[in-house]
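Colleague: Got a file for you: data29.tsv, TSV, N, CA and C atoms.
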chain	number	residue	atom	x	y	z
A	115	MET	N	25.84	25.28	15.80
A	115	MET	CA	25.93	23.87	15.48
A	115	MET	C	24.84	23.07	16.21
A	116	PHE	N	24.68	23.36	17.50
A	116	PHE	CA	23.68	22.65	18.29
A	116	PHE	C	22.28	22.94	17.78
A	117	GLN	N	22.04	24.20	17.39
A	117	GLN	CA	20.73	24.60	16.88
A	117	GLN	C	20.41	23.85	15.58
A	118	LYS	N	21.40	23.70	14.72
A	118	LYS	CA	21.20	23.02	13.45
A	118	LYS	C	20.88	21.54	13.68
A	119	HIS	N	21.58	20.92	14.64
A	119	HIS	CA	21.32	19.52	14.97
A	119	HIS	C	19.93	19.36	15.58
A	120	LYS	N	19.52	20.34	16.36
A	120	LYS	CA	18.20	20.31	16.99
A	120	LYS	C	17.09	20.40	15.94
A	121	ILE	N	17.29	21.22	14.92
A	121	ILE	CA	16.30	21.36	13.84
A	121	ILE	C	16.21	20.07	13.03
A	122	SER	N	17.35	19.43	12.74
A	122	SER	CA	17.33	18.17	12.01
A	122	SER	C	16.63	17.09	12.82
A	123	PHE	N	16.85	17.07	14.12
A	123	PHE	CA	16.15	16.10	14.98
A	123	PHE	C	14.65	16.38	14.97
A	124	PHE	N	14.27	17.64	14.99
A	124	PHE	CA	12.86	18.02	14.95
A	124	PHE	C	12.21	17.54	13.65
A	125	TYR	N	12.89	17.76	12.53
A	125	TYR	CA	12.36	17.32	11.24
A	125	TYR	C	12.26	15.79	11.16
A	126	SER	N	13.27	15.10	11.69
A	126	SER	CA	13.22	13.63	11.65
A	126	SER	C	12.11	13.09	12.54
A	127	ALA	N	11.87	13.76	13.67
A	127	ALA	CA	10.76	13.34	14.55
A	127	ALA	C	9.42	13.57	13.86
A	128	ILE	N	9.27	14.69	13.17
A	128	ILE	CA	8.03	14.95	12.42
A	128	ILE	C	7.84	13.90	11.33
A	129	LEU	N	8.93	13.57	10.62
A	129	LEU	CA	8.85	12.57	9.56
A	129	LEU	C	8.41	11.22	10.12
A	130	LEU	N	8.98	10.82	11.22
A	130	LEU	CA	8.61	9.55	11.83
A	130	LEU	C	7.17	9.58	12.34
A	131	PHE	N	6.77	10.66	12.99
A	131	PHE	CA	5.41	10.78	13.49
A	131	PHE	C	4.39	10.72	12.36
A	132	ILE	N	4.66	11.43	11.28
A	132	ILE	CA	3.72	11.44	10.14
A	132	ILE	C	3.60	10.05	9.55
A	133	ASN	N	4.71	9.35	9.41
A	133	ASN	CA	4.64	8.00	8.84
A	133	ASN	C	3.92	7.03	9.75
A	134	ILE	N	4.13	7.13	11.04
A	134	ILE	CA	3.41	6.26	11.97
A	134	ILE	C	1.92	6.59	11.97
A	135	TYR	N	1.58	7.87	11.89
A	135	TYR	CA	0.17	8.27	11.82
A	135	TYR	C	-0.49	7.74	10.55
A	136	ILE	N	0.19	7.89	9.42
A	136	ILE	CA	-0.36	7.40	8.15
A	136	ILE	C	-0.51	5.88	8.19
A	137	TYR	N	0.48	5.20	8.75
A	137	TYR	CA	0.40	3.74	8.88
A	137	TYR	C	-0.81	3.34	9.72
A	138	SER	N	-1.00	4.00	10.84
A	138	SER	CA	-2.12	3.62	11.71
A	138	SER	C	-3.46	3.91	11.05
A	139	GLN	N	-3.57	5.02	10.33
A	139	GLN	CA	-4.82	5.33	9.65
A	139	GLN	C	-5.12	4.34	8.54
A	140	ILE	N	-4.11	4.00	7.76
A	140	ILE	CA	-4.32	3.03	6.68
A	140	ILE	C	-4.66	1.66	7.26
A	141	ASN	N	-3.97	1.29	8.33
A	141	ASN	CA	-4.22	-0.01	8.94
A	141	ASN	C	-5.63	-0.09	9.52
A	142	LEU	N	-6.14	1.01	10.04
A	142	LEU	CA	-7.49	1.01	10.60
A	142	LEU	C	-8.58	1.14	9.55
A	143	MET	N	-8.32	1.89	8.49
A	143	MET	CA	-9.38	2.23	7.54
A	143	MET	C	-9.43	1.34	6.30
A	144	TYR	N	-8.33	0.67	5.96
A	144	TYR	CA	-8.32	-0.11	4.72
A	144	TYR	C	-8.11	-1.58	5.06
A	145	ASP	N	-9.02	-2.41	4.62
A	145	ASP	CA	-8.93	-3.85	4.85
A	145	ASP	C	-8.53	-4.52	3.53
A	146	ILE	N	-7.35	-5.08	3.50
A	146	ILE	CA	-6.88	-5.68	2.25
A	146	ILE	C	-7.68	-6.93	1.88
A	147	THR	N	-8.34	-7.53	2.84
A	147	THR	CA	-9.12	-8.72	2.52
A	147	THR	C	-10.38	-8.39	1.73
A	148	ASN	N	-10.74	-7.13	1.67
A	148	ASN	CA	-11.88	-6.69	0.86
A	148	ASN	C	-11.46	-6.13	-0.49
A	149	SER	N	-10.18	-6.19	-0.81
A	149	SER	CA	-9.72	-5.66	-2.09
A	149	SER	C	-10.17	-6.59	-3.22
A	150	PRO	N	-10.32	-6.06	-4.42
A	150	PRO	CA	-10.86	-6.87	-5.52
A	150	PRO	C	-9.98	-8.04	-5.94
A	151	ASP	N	-8.67	-7.93	-5.74
A	151	ASP	CA	-7.78	-9.01	-6.19
A	151	ASP	C	-7.24	-9.86	-5.03
A	152	PHE	N	-7.85	-9.75	-3.87
A	152	PHE	CA	-7.39	-10.52	-2.72
A	152	PHE	C	-7.49	-12.02	-2.97
A	153	ASN	N	-8.60	-12.46	-3.55
A	153	ASN	CA	-8.80	-13.89	-3.78
A	153	ASN	C	-7.82	-14.46	-4.81
A	154	ILE	N	-7.27	-13.61	-5.65
A	154	ILE	CA	-6.28	-14.06	-6.62
A	154	ILE	C	-4.92	-14.24	-5.95
A	155	TYR	N	-4.49	-13.21	-5.21
A	155	TYR	CA	-3.14	-13.22	-4.66
A	155	TYR	C	-3.00	-14.00	-3.36
A	156	ILE	N	-4.10	-14.43	-2.78
A	156	ILE	CA	-4.01	-15.28	-1.59
A	156	ILE	C	-3.37	-16.63	-1.95
A	157	GLU	N	-3.41	-16.96	-3.24
A	157	GLU	CA	-2.80	-18.21	-3.70
A	157	GLU	C	-1.30	-18.23	-3.42
A	158	TYR	N	-0.66	-17.06	-3.47
A	158	TYR	CA	0.77	-17.00	-3.14
A	158	TYR	C	1.00	-17.39	-1.68
A	159	LEU	N	0.15	-16.90	-0.80
A	159	LEU	CA	0.31	-17.24	0.61
A	159	LEU	C	0.08	-18.73	0.84
A	160	TYR	N	-0.93	-19.29	0.17
A	160	TYR	CA	-1.16	-20.73	0.27
A	160	TYR	C	0.07	-21.50	-0.21
A	161	HIS	N	0.67	-21.01	-1.27
A	161	HIS	CA	1.86	-21.67	-1.83
A	161	HIS	C	3.02	-21.65	-0.84
A	162	PHE	N	3.28	-20.49	-0.24
A	162	PHE	CA	4.44	-20.39	0.65
A	162	PHE	C	4.19	-21.05	2.00
A	163	PHE	N	2.95	-21.31	2.35
A	163	PHE	CA	2.67	-22.08	3.55
A	163	PHE	C	2.53	-23.57	3.26
A	164	GLY	N	2.75	-23.95	2.00
A	164	GLY	CA	2.76	-25.37	1.64
A	164	GLY	C	1.41	-25.95	1.33
A	165	LEU	N	0.40	-25.14	1.14
A	165	LEU	CA	-0.94	-25.65	0.86
A	165	LEU	C	-1.18	-25.87	-0.63
A	166	ASN	N	-0.44	-25.19	-1.49
A	166	ASN	CA	-0.52	-25.36	-2.94
A	166	ASN	C	0.88	-25.63	-3.47
A	167	GLU	N	0.96	-26.47	-4.51
A	167	GLU	CA	2.25	-26.71	-5.12
A	167	GLU	C	2.62	-25.62	-6.10
A	168	GLN	N	1.65	-25.12	-6.84
A	168	GLN	CA	1.87	-24.07	-7.83
A	168	GLN	C	0.84	-22.97	-7.63
A	169	THR	N	1.25	-21.76	-7.99
A	169	THR	CA	0.32	-20.65	-7.86
A	169	THR	C	-0.46	-20.40	-9.13
A	170	ASN	N	0.11	-20.77	-10.27
A	170	ASN	CA	-0.47	-20.51	-11.59
A	170	ASN	C	-0.73	-19.02	-11.81
A	171	ILE	N	0.06	-18.19	-11.15
A	171	ILE	CA	0.00	-16.74	-11.34
A	171	ILE	C	1.39	-16.31	-11.79
A	172	ASP	N	1.44	-15.44	-12.77
A	172	ASP	CA	2.74	-15.09	-13.36
A	172	ASP	C	3.33	-13.78	-12.84
A	173	ASN	N	2.94	-13.36	-11.66
A	173	ASN	CA	3.53	-12.15	-11.08
A	173	ASN	C	4.69	-12.53	-10.17
A	174	GLY	N	5.47	-11.52	-9.77
A	174	GLY	CA	6.58	-11.77	-8.87
A	174	GLY	C	6.11	-12.25	-7.52
A	175	SER	N	6.94	-13.04	-6.86
A	175	SER	CA	6.48	-13.65	-5.63
A	175	SER	C	7.30	-13.25	-4.40
A	176	ILE	N	8.32	-12.43	-4.55
A	176	ILE	CA	9.15	-12.06	-3.40
A	176	ILE	C	8.32	-11.32	-2.35
A	177	TYR	N	7.46	-10.42	-2.78
A	177	TYR	CA	6.64	-9.66	-1.85
A	177	TYR	C	5.77	-10.60	-1.01
A	178	TYR	N	5.17	-11.57	-1.64
A	178	TYR	CA	4.28	-12.49	-0.92
A	178	TYR	C	5.07	-13.42	-0.02
A	179	TYR	N	6.31	-13.74	-0.42
A	179	TYR	CA	7.18	-14.49	0.47
A	179	TYR	C	7.49	-13.68	1.73
A	180	LEU	N	7.73	-12.39	1.56
A	180	LEU	CA	7.96	-11.52	2.73
A	180	LEU	C	6.72	-11.43	3.61
A	181	VAL	N	5.54	-11.42	3.00
A	181	VAL	CA	4.29	-11.41	3.78
A	181	VAL	C	4.18	-12.68	4.60
A	182	THR	N	4.54	-13.82	4.03
A	182	THR	CA	4.48	-15.07	4.80
A	182	THR	C	5.49	-15.07	5.94
A	183	ILE	N	6.64	-14.44	5.74
A	183	ILE	CA	7.61	-14.32	6.83
A	183	ILE	C	7.03	-13.48	7.96
A	184	VAL	N	6.38	-12.36	7.61
A	184	VAL	CA	5.76	-11.52	8.64
A	184	VAL	C	4.63	-12.28	9.33
A	185	LEU	N	3.88	-13.05	8.57
A	185	LEU	CA	2.78	-13.82	9.17
A	185	LEU	C	3.27	-14.87	10.15
A	186	THR	N	4.47	-15.39	9.96
A	186	THR	CA	5.00	-16.38	10.91
A	186	THR	C	5.27	-15.76	12.28
A	187	PHE	N	5.45	-14.43	12.33
A	187	PHE	CA	5.62	-13.77	13.63
A	187	PHE	C	4.33	-13.81	14.45
A	188	TYR	N	3.20	-13.95	13.76
A	188	TYR	CA	1.89	-13.98	14.43
A	188	TYR	C	1.42	-15.41	14.70
A	189	GLU	N	2.30	-16.37	14.61
A	189	GLU	CA	1.91	-17.78	14.61
A	189	GLU	C	1.06	-18.19	15.81
A	190	GLY	N	1.33	-17.72	16.99
A	190	GLY	CA	0.55	-18.12	18.16
A	190	GLY	C	-0.64	-17.24	18.44
A	191	SER	N	-0.93	-16.30	17.56
A	191	SER	CA	-1.99	-15.32	17.82
A	191	SER	C	-3.32	-15.67	17.18
A	192	TYR	N	-3.39	-16.75	16.42
A	192	TYR	CA	-4.63	-17.09	15.73
A	192	TYR	C	-5.64	-17.64	16.72
A	193	GLN	N	-6.79	-16.96	16.81
A	193	GLN	CA	-7.88	-17.40	17.68
A	193	GLN	C	-9.19	-17.14	16.96
A	194	GLY	N	-9.91	-18.18	16.67
A	194	GLY	CA	-11.20	-18.01	16.02
A	194	GLY	C	-11.04	-17.49	14.59
A	195	ASN	N	-11.75	-16.43	14.29
A	195	ASN	CA	-11.75	-15.87	12.94
A	195	ASN	C	-10.88	-14.62	12.82
A	196	ASN	N	-9.88	-14.46	13.67
A	196	ASN	CA	-9.06	-13.26	13.58
A	196	ASN	C	-7.94	-13.37	12.56
A	197	TYR	N	-7.90	-14.46	11.78
A	197	TYR	CA	-6.83	-14.62	10.82
A	197	TYR	C	-6.86	-13.55	9.72
A	198	LEU	N	-8.04	-13.04	9.38
A	198	LEU	CA	-8.11	-11.97	8.38
A	198	LEU	C	-7.56	-10.66	8.94
A	199	ILE	N	-7.80	-10.41	10.22
A	199	ILE	CA	-7.24	-9.22	10.85
A	199	ILE	C	-5.72	-9.33	10.92
A	200	ILE	N	-5.24	-10.50	11.26
A	200	ILE	CA	-3.79	-10.72	11.33
A	200	ILE	C	-3.17	-10.59	9.95
A	201	LEU	N	-3.81	-11.13	8.94
A	201	LEU	CA	-3.31	-11.02	7.57
A	201	LEU	C	-3.26	-9.56	7.14
A	202	ASN	N	-4.31	-8.82	7.43
A	202	ASN	CA	-4.34	-7.40	7.10
A	202	ASN	C	-3.22	-6.65	7.81
A	203	ASN	N	-3.04	-6.92	9.09
A	203	ASN	CA	-2.00	-6.25	9.85
A	203	ASN	C	-0.61	-6.60	9.33
A	204	ALA	N	-0.41	-7.87	8.95
A	204	ALA	CA	0.89	-8.29	8.43
A	204	ALA	C	1.23	-7.57	7.12
A	205	VAL	N	0.26	-7.48	6.22
A	205	VAL	CA	0.50	-6.82	4.94
A	205	VAL	C	0.76	-5.32	5.15
A	206	GLN	N	-0.05	-4.69	6.00
A	206	GLN	CA	0.13	-3.26	6.25
A	206	GLN	C	1.46	-2.98	6.94
A	207	SER	N	1.87	-3.84	7.86
A	207	SER	CA	3.16	-3.67	8.53
A	207	SER	C	4.31	-3.81	7.56
A	208	LEU	N	4.23	-4.82	6.68
A	208	LEU	CA	5.27	-4.99	5.68
A	208	LEU	C	5.35	-3.79	4.75
A	209	ASN	N	4.20	-3.30	4.32
A	209	ASN	CA	4.20	-2.11	3.46
A	209	ASN	C	4.81	-0.91	4.16
A	210	PHE	N	4.54	-0.77	5.46
A	210	PHE	CA	5.11	0.34	6.24
A	210	PHE	C	6.63	0.23	6.29
A	211	PHE	N	7.14	-0.96	6.58
A	211	PHE	CA	8.59	-1.13	6.66
A	211	PHE	C	9.27	-0.95	5.30
A	212	ILE	N	8.62	-1.40	4.24
A	212	ILE	CA	9.18	-1.19	2.90
A	212	ILE	C	9.22	0.30	2.58
A	213	SER	N	8.18	1.04	2.96
A	213	SER	CA	8.19	2.48	2.70
A	213	SER	C	9.25	3.20	3.53
A	214	LEU	N	9.49	2.73	4.77
A	214	LEU	CA	10.56	3.33	5.58
A	214	LEU	C	11.93	3.05	4.97
A	215	ILE	N	12.12	1.86	4.43
A	215	ILE	CA	13.38	1.54	3.76
A	215	ILE	C	13.55	2.42	2.54
A	216	GLY	N	12.48	2.66	1.81
A	216	GLY	CA	12.53	3.56	0.66
A	216	GLY	C	12.88	4.99	1.06
A	217	LEU	N	12.28	5.47	2.15
A	217	LEU	CA	12.61	6.82	2.63
A	217	LEU	C	14.06	6.90	3.07
A	218	LEU	N	14.56	5.85	3.72
A	218	LEU	CA	15.97	5.82	4.11
A	218	LEU	C	16.87	5.85	2.87
A	219	GLY	N	16.48	5.13	1.85
A	219	GLY	CA	17.24	5.14	0.59
A	219	GLY	C	17.28	6.52	-0.03
A	220	TYR	N	16.13	7.21	-0.08
A	220	TYR	CA	16.10	8.58	-0.58
A	220	TYR	C	16.99	9.49	0.25
A	221	TYR	N	16.92	9.33	1.57
A	221	TYR	CA	17.72	10.16	2.47
A	221	TYR	C	19.22	9.97	2.19
A	222	LEU	N	19.65	8.72	2.09
A	222	LEU	CA	21.06	8.45	1.83
A	222	LEU	C	21.49	8.92	0.45
A	223	PHE	N	20.61	8.78	-0.53
A	223	PHE	CA	20.91	9.25	-1.88
A	223	PHE	C	21.12	10.76	-1.90
A	224	PHE	N	20.22	11.50	-1.26
A	224	PHE	CA	20.34	12.95	-1.27
A	224	PHE	C	21.50	13.43	-0.41
A	225	LEU	N	21.83	12.68	0.64
A	225	LEU	CA	23.04	13.02	1.41
A	225	LEU	C	24.28	12.85	0.55
A	226	LYS	N	24.31	11.79	-0.25
A	226	LYS	CA	25.45	11.56	-1.13
A	226	LYS	C	25.57	12.65	-2.19
A	227	LYS	N	24.44	13.19	-2.60
A	227	LYS	CA	24.44	14.28	-3.58
A	227	LYS	C	24.68	15.64	-2.93
A	228	GLU	N	24.93	15.64	-1.60
A	228	GLU	CA	25.31	16.81	-0.82
A	228	GLU	C	24.21	17.87	-0.70
A	229	TYR	N	22.97	17.39	-0.57
A	229	TYR	CA	21.87	18.30	-0.25
A	229	TYR	C	21.91	18.59	1.25
A	230	LYS	N	21.31	19.69	1.66
A	230	LYS	CA	21.22	20.01	3.08
A	230	LYS	C	20.24	19.05	3.76
A	231	LYS	N	20.55	18.68	4.99
A	231	LYS	CA	19.69	17.74	5.72
A	231	LYS	C	18.29	18.30	5.92
A	232	ASP	N	18.19	19.60	6.19
A	232	ASP	CA	16.87	20.19	6.38
A	232	ASP	C	16.02	20.09	5.12
A	233	SER	N	16.64	20.34	3.98
A	233	SER	CA	15.92	20.23	2.71
A	233	SER	C	15.49	18.80	2.43
A	234	ILE	N	16.35	17.86	2.79
A	234	ILE	CA	16.02	16.44	2.58
A	234	ILE	C	14.83	16.06	3.44
A	235	PHE	N	14.86	16.45	4.72
A	235	PHE	CA	13.76	16.08	5.62
A	235	PHE	C	12.44	16.73	5.19
A	236	ILE	N	12.48	17.97	4.78
A	236	ILE	CA	11.25	18.64	4.31
A	236	ILE	C	10.71	17.91	3.08
A	237	SER	N	11.60	17.53	2.17
A	237	SER	CA	11.16	16.80	0.98
A	237	SER	C	10.56	15.45	1.34
A	238	LEU	N	11.18	14.75	2.28
A	238	LEU	CA	10.66	13.44	2.68
A	238	LEU	C	9.33	13.56	3.41
A	239	ILE	N	9.18	14.62	4.19
A	239	ILE	CA	7.90	14.86	4.85
A	239	ILE	C	6.80	15.09	3.82
A	240	LEU	N	7.09	15.92	2.83
A	240	LEU	CA	6.10	16.19	1.78
A	240	LEU	C	5.83	14.94	0.96
A	241	LEU	N	6.86	14.16	0.69
A	241	LEU	CA	6.67	12.91	-0.05
A	241	LEU	C	5.79	11.94	0.74
A	242	SER	N	5.96	11.91	2.05
A	242	SER	CA	5.15	11.00	2.88
A	242	SER	C	3.69	11.42	2.91
A	243	ILE	N	3.46	12.72	2.94
A	243	ILE	CA	2.09	13.21	3.02
A	243	ILE	C	1.35	13.01	1.70
A	244	PHE	N	2.03	13.32	0.61
A	244	PHE	CA	1.36	13.26	-0.67
A	244	PHE	C	1.73	12.00	-1.40
Output the file's structure in the form of structure tokens.
Modeller:
Amino acid sequence: MFQKHKISFFYSAILLFINIYIYSQINLMYDITNSPDFNIYIEYLYHFFGLNEQTNIDNGSIYYYLVTIVLTFYEGSYQGNNYLIILNNAVQSLNFFISLIGLLGYYLFFLKKEYKKDSIFISLILLSIF
């Protein structure tokens, strides 16, 4: 019993390490402010910070509302031109937490379907990598 619990802990630690590593690599290597549609979707952030009354964009806005909530955590950190770095970090952090919530949902779903924990963790590790 102890050995089985130890293996599940090992798999969960690997899963967490891989996700943190992937998050750090994406956060360092990909700048969302250089994406082709950044200038379009920044209007949502302007809207939620009260700078625009309407976005005139017909996409969903819950995600961008969540980004503005994450950006409020950085409120005292703006110095000079680092607002693009903070915006990038806020978006990447939100994406990381949403992906962790998704992995937790998969884990709970497969537990409910009575899969073995080891099989679930291996599947989630492979899903995270690929």
Colleague: What does the distance between atom CA of A:Ile200 and atom C of A:Ile128 come to in Å, to one decimal place?
Modeller: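 Separating atom CA of A:Ile200 from atom C of A:Ile128 is a distance of 27.2 Å.
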Colleague: Which polymer residues, whether protein, DNA or RNA, lie within 12 Å of the coordinate (-9.2, -6.8, -1.2) when you count only C-alpha atoms? List them as JSON, numbers by chain, using the chain letters and numbers from the file.
Modeller: {"A": [144, 145, 146, 147, 148, 149, 150, 151, 152, 153, 154, 155, 156, 198, 201, 202, 205]}
Colleague: What gap, in Å, lies between atom CA of A:Leu165 and atom CA of A:Glu189?
Modeller: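 Separation between atom CA of A:Leu165 and atom CA of A:Glu189: 16.1 Å.
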Colleague: As an exercise, work out the distance from atom N of A:Ile236 to atom CA of A:Tyr125 in Å and give it to one decimal place.
Modeller: 6.5 Å
Colleague: Could you tell me, as a short mmCIF file (atom, residue, chain, number, x, y, z; two decimals) with N, CA and C atoms, in the coordinates of the input, which residues have any atom at most 10 Å from (2.6, -14.8, 0.5), counting only C-alpha atoms?
Modeller:
data_model
loop_
_atom_site.label_atom_id
_atom_site.label_comp_id
_atom_site.auth_asym_id
_atom_site.auth_seq_id
_atom_site.Cartn_x
_atom_site.Cartn_y
_atom_site.Cartn_z
N TYR A 155 -4.49 -13.21 -5.21
CA TYR A 155 -3.14 -13.22 -4.66
C TYR A 155 -3.00 -14.00 -3.36
N ILE A 156 -4.10 -14.43 -2.78
CA ILE A 156 -4.01 -15.28 -1.59
C ILE A 156 -3.37 -16.63 -1.95
N GLU A 157 -3.41 -16.96 -3.24
CA GLU A 157 -2.80 -18.21 -3.70
C GLU A 157 -1.30 -18.23 -3.42
N TYR A 158 -0.66 -17.06 -3.47
CA TYR A 158 0.77 -17.00 -3.14
C TYR A 158 1.00 -17.39 -1.68
N LEU A 159 0.15 -16.90 -0.80
CA LEU A 159 0.31 -17.24 0.61
C LEU A 159 0.08 -18.73 0.84
N TYR A 160 -0.93 -19.29 0.17
CA TYR A 160 -1.16 -20.73 0.27
C TYR A 160 0.07 -21.50 -0.21
N HIS A 161 0.67 -21.01 -1.27
CA HIS A 161 1.86 -21.67 -1.83
C HIS A 161 3.02 -21.65 -0.84
N PHE A 162 3.28 -20.49 -0.24
CA PHE A 162 4.44 -20.39 0.65
C PHE A 162 4.19 -21.05 2.00
N PHE A 163 2.95 -21.31 2.35
CA PHE A 163 2.67 -22.08 3.55
C PHE A 163 2.53 -23.57 3.26
N SER A 175 6.94 -13.04 -6.86
CA SER A 175 6.48 -13.65 -5.63
C SER A 175 7.30 -13.25 -4.40
N ILE A 176 8.32 -12.43 -4.55
CA ILE A 176 9.15 -12.06 -3.40
C ILE A 176 8.32 -11.32 -2.35
N TYR A 177 7.46 -10.42 -2.78
CA TYR A 177 6.64 -9.66 -1.85
C TYR A 177 5.77 -10.60 -1.01
N TYR A 178 5.17 -11.57 -1.64
CA TYR A 178 4.28 -12.49 -0.92
C TYR A 178 5.07 -13.42 -0.02
N TYR A 179 6.31 -13.74 -0.42
CA TYR A 179 7.18 -14.49 0.47
C TYR A 179 7.49 -13.68 1.73
N LEU A 180 7.73 -12.39 1.56
CA LEU A 180 7.96 -11.52 2.73
C LEU A 180 6.72 -11.43 3.61
N VAL A 181 5.54 -11.42 3.00
CA VAL A 181 4.29 -11.41 3.78
C VAL A 181 4.18 -12.68 4.60
N THR A 182 4.54 -13.82 4.03
CA THR A 182 4.48 -15.07 4.80
C THR A 182 5.49 -15.07 5.94
N ILE A 183 6.64 -14.44 5.74
CA ILE A 183 7.61 -14.32 6.83
C ILE A 183 7.03 -13.48 7.96
N VAL A 184 6.38 -12.36 7.61
CA VAL A 184 5.76 -11.52 8.64
C VAL A 184 4.63 -12.28 9.33
N LEU A 185 3.88 -13.05 8.57
CA LEU A 185 2.78 -13.82 9.17
C LEU A 185 3.27 -14.87 10.15
N LEU A 201 -3.81 -11.13 8.94
CA LEU A 201 -3.31 -11.02 7.57
C LEU A 201 -3.26 -9.56 7.14
N VAL A 205 0.26 -7.48 6.22
CA VAL A 205 0.50 -6.82 4.94
C VAL A 205 0.76 -5.32 5.15
#
Colleague: Applying 12 Å and only C-alpha atoms, which residues near A:Met143 remain after dropping the ones on its own chain fewer than 5 positions away? List them as a PyMOL selection string.
Modeller: chain A and resi 136-138+148+202-203+206
Colleague: Would you output that residue set with N, CA and C atoms, as a PDB file, in the coordinates of the input?
Modeller:
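Printed below is result-v8.pdb as written:
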ATOM      1  N   ILE A 136       0.190   7.890   9.420  1.00  0.00           N
ATOM      2  CA  ILE A 136      -0.360   7.400   8.150  1.00  0.00           C
ATOM      3  C   ILE A 136      -0.510   5.880   8.190  1.00  0.00           C
ATOM      4  N   TYR A 137       0.480   5.200   8.750  1.00  0.00           N
ATOM      5  CA  TYR A 137       0.400   3.740   8.880  1.00  0.00           C
ATOM      6  C   TYR A 137      -0.810   3.340   9.720  1.00  0.00           C
ATOM      7  N   SER A 138      -1.000   4.000  10.840  1.00  0.00           N
ATOM      8  CA  SER A 138      -2.120   3.620  11.710  1.00  0.00           C
ATOM      9  C   SER A 138      -3.460   3.910  11.050  1.00  0.00           C
ATOM     10  N   ASN A 148     -10.740  -7.130   1.670  1.00  0.00           N
ATOM     11  CA  ASN A 148     -11.880  -6.690   0.860  1.00  0.00           C
ATOM     12  C   ASN A 148     -11.460  -6.130  -0.490  1.00  0.00           C
ATOM     13  N   ASN A 202      -4.310  -8.820   7.430  1.00  0.00           N
ATOM     14  CA  ASN A 202      -4.340  -7.400   7.100  1.00  0.00           C
ATOM     15  C   ASN A 202      -3.220  -6.650   7.810  1.00  0.00           C
ATOM     16  N   ASN A 203      -3.040  -6.920   9.090  1.00  0.00           N
ATOM     17  CA  ASN A 203      -2.000  -6.250   9.850  1.00  0.00           C
ATOM     18  C   ASN A 203      -0.610  -6.600   9.330  1.00  0.00           C
ATOM     19  N   GLN A 206      -0.050  -4.690   6.000  1.00  0.00           N
ATOM     20  CA  GLN A 206       0.130  -3.260   6.250  1.00  0.00           C
ATOM     21  C   GLN A 206       1.460  -2.980   6.940  1.00  0.00           C
TER      22      GLN A 206
END
Colleague: Between A:Ser126, A:Gln168, A:Ala204, A:Gly194, which is the closest to A:Ile234 once you count only C-alpha atoms?
Modeller: A:Ser126
Colleague: Restricting the calculation to only C-alpha atoms, which member of A:Gln139, A:Asn133, A:Asn173, A:Asn209 is positioned closest to A:Ile243?
Modeller: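 Answer, going by the shortest atom-to-atom distance: A:Asn133.
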Colleague: For the alpha helix (DSSP H) assignment from backbone DSSP, which residues of stretch 146-176 of chain A qualify? Please present them as a list in words.
Modeller: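 Those residues are Phe152, Asn153, Ile154, Tyr155, Ile156, Glu157, Tyr158, Leu159, Tyr160, His161, Phe162 and Ile176 of chain A.
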